[in-house]
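Participant: Let me begin by handing over the structure; questions about it come next.
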Amino acid sequence: MRDYRIVTDSTCDLPANVVEELGLTVIPMEFQLDGATYHNYPDGREYDFHQFYEALRAGKTSTTSQVNYQTFLDTFTPILEEGKDILYLSFSSGLSGTYNGSTIAAKDLMEKYPDARIISIDTLAASIGEGLLVFAAAKKREEGLSLEELAKWVEANRLHLCHWFTVDDLNHLKRGGRVSPAVAIIGTALGIKPVMHVDDEGHLIPVSKVRGRRKSLDALVDHMVQTCTHPEGQTIFIGHGDSLEDAEYVAKLVRQKFKVKTVILNYIGPVIGSHSGPGTIALFFFGTQR
């Protein structure tokens with residue numbers, strides 16, 4: 001049985017130390033700010049995460065682009081040259097064309113390397129939701145699952161990966177077309193905070209609205225109470241848009257309500273953060289359904 005490497009993209013928002021410990025290959029996706037293009041590395045080497053959110057707070061706008069065909073070739077080829085196969089776990093096709101691009105590159109490379117296997121899977125997940133699925137898959141790989149076995153496990157479990165988000169600034173959702181200008185204006189004036197999740201098709205969907213920041217954070221954990229399965233064995237991820245204190249508040253609530261194995265907090269990186277903005281808080285766990 002050939003060895004294989006797990007590859008993902010930097011929208012997984014996993015901490016750099018976790019990426020290193022699990023031996024993952026992470027494709028750094030691009031974002032554009034102040035007329036320059038940067039790569040979103042897990043360690044923030046090209047643009048510090050805190051400084052990125054400070055730029056957004058100052059009124060600057062960041063845009064993003066999907067992974068292109070050549071980047072896939074440049075990432076996959078050295079792994080194939082090592083004689084290893086590839087399991088690529090992609091950012092949600094409901095939010096990006098990255099997955100479709102990966103399948104084209106994989107097909108072309110398998111024609112060039114006929115003994116190689118590249119399996120590309122749409123995680124239908126975003127940010128550390130994608131990261132949690134990658135994390136869990138890497139742990140399964142350590143248990144000895146083959147490439148095909150792990151691919152089947154990911155496909156069987158991806159719709160149990162729950163994402164719950166709230167944002168502090170509706171204007172970023174307005175720019176991305178997630179809320180109308182009228183809703184953004186009225187919601188901001190009234191202190192209305194949306195509670196959103198990623199659905200089974202991998203789209204970011206508003207679910208409810210609450211008044212006040214603290215209630216929106218409580219609502220994330222309330223949803224976890226409703227659907228979380230076997231929390232005692234889970235590593236829970238919480239992402240934040242340069243809002244560590246609020247992320248720690250959510251982590252405290254999670255620990256109060258569940259005897260979870262571990263809680264890991266990390267920045268939501270610039271690619272996702274370009275669309276969600278400063279103050280975003282996101283909670284990720286496995287549950288009965290999304």
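Residue numbering restarts at 1 in every chain; chains get A, B, ... in the order shown in the structure tokens, and ligands count up from 1 in that same order.
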Run DSSP on the backbone of this structure and report the residues of region 77-146 of chain A it assigns to alpha helix (DSSP H), as an MDAnalysis selection string.
Facilitator: chainID A and resid 77:81 98:112 127:142
Participant: Find the spatial neighbours of Trp164 (chain A), counting only C-alpha atoms, within a cut-off of 7 Å - ignore same-chain residues fewer than 5 positions away - and output them as an MDAnalysis selection string.
Facilitator: chainID A and resid 196:197 220 282:284
Participant: DSSP on the backbone: which residues in region 9-218 of chain A end up as strand (DSSP E)? Give the answer as a PyMOL selection string.
Facilitator: chain A and resi 9+25-27+29-33+36-40+63-65+85-90+118-122+161-166+192-198+204-211
Participant: Pick the closest to Arg141 (chain A) from A:Pro78, A:Gly59, A:Gly241, A:Gly23: which is it, counting only C-alpha atoms?
Facilitator: A:Gly23
Participant: Which is closest to Val198 (chain A) among A:Asp74, A:Asp115, A:Asp3, A:Glu130, if we use only C-alpha atoms?
Facilitator: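 Distance minimum relative to Val198 (chain A) lands on A:Glu130.
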Participant: Quick one: residues within 9 Å of Glu148 (chain A), only C-alpha atoms, excluding same-chain residues fewer than 4 positions away - as a list in words?
Facilitator: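 So the residues in contact are Leu87, Ile119, Lys152 and Trp153 of chain A.
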Participant: Show which residues sit within 9 Å of Ser208 (chain A), as a list in words. Count only C-alpha atoms, and ignore same-chain residues fewer than 6 positions away.
Facilitator: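 Everything that qualifies: Lys193, Pro194, Val195 and Met196 of chain A.
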Participant: Please list as a ChimeraX atom specification every residue within 10 Å of region 250-257 of chain A, counting only C-alpha atoms and excluding residues in the same chain fewer than 4 positions away.
Facilitator: /A:214,217-222,224-225,231,236-238,244-246,261-265,281-283
Participant: Need to verify the contact set: Ile6 (chain A), 10 Å, only C-alpha atoms, exclusion of same-chain residues closer than 5 positions in sequence. Can you return it as a list in words?
Facilitator: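 Here the qualifying residues turn out to be Leu22, Gly23, Leu24, Thr25, Val26, Asp85, Ile86, Leu87, Tyr88, Leu89, Ile119, Val134, Ala137, Ala138, Arg141 and Leu147 of chain A.
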Participant: Hey, what's within 7 Å of region 13-17 of chain A if we count only C-alpha atoms and toss same-chain stuff fewer than 3 positions away? As a count of residues only, please?
Facilitator: 12
Participant: Could you jot down the CA of Gly101 (chain A) to CA of Asn68 (chain A) separation for me, Å, one decimal place?
Facilitator: 6.7 Å
Participant: From the options A:Thr63, A:Arg213, A:Thr227, A:Cys162, which residue's atoms come nearest to Leu132 (chain A), counting only C-alpha atoms?
Facilitator: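 Between A:Thr63, A:Arg213, A:Thr227, A:Cys162, the residue approaching Leu132 (chain A) most closely is A:Cys162.
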Participant: Give the answer as one residue: which of A:Ile205, A:Asp122, A:Asp169, A:Thr103 has the shortest atom-to-atom distance to Ile192 (chain A), using only C-alpha atoms?
Facilitator: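 With only C-alpha atoms as the atom set, the closest residue is A:Asp169.
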Participant: Report the distance between CA of His240 (chain A) and CA of Thr8 (chain A) in Å, rounded to one decimal place.
Facilitator: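 Atom-to-atom, CA of His240 (chain A) to CA of Thr8 (chain A), that is 20.2 Å.
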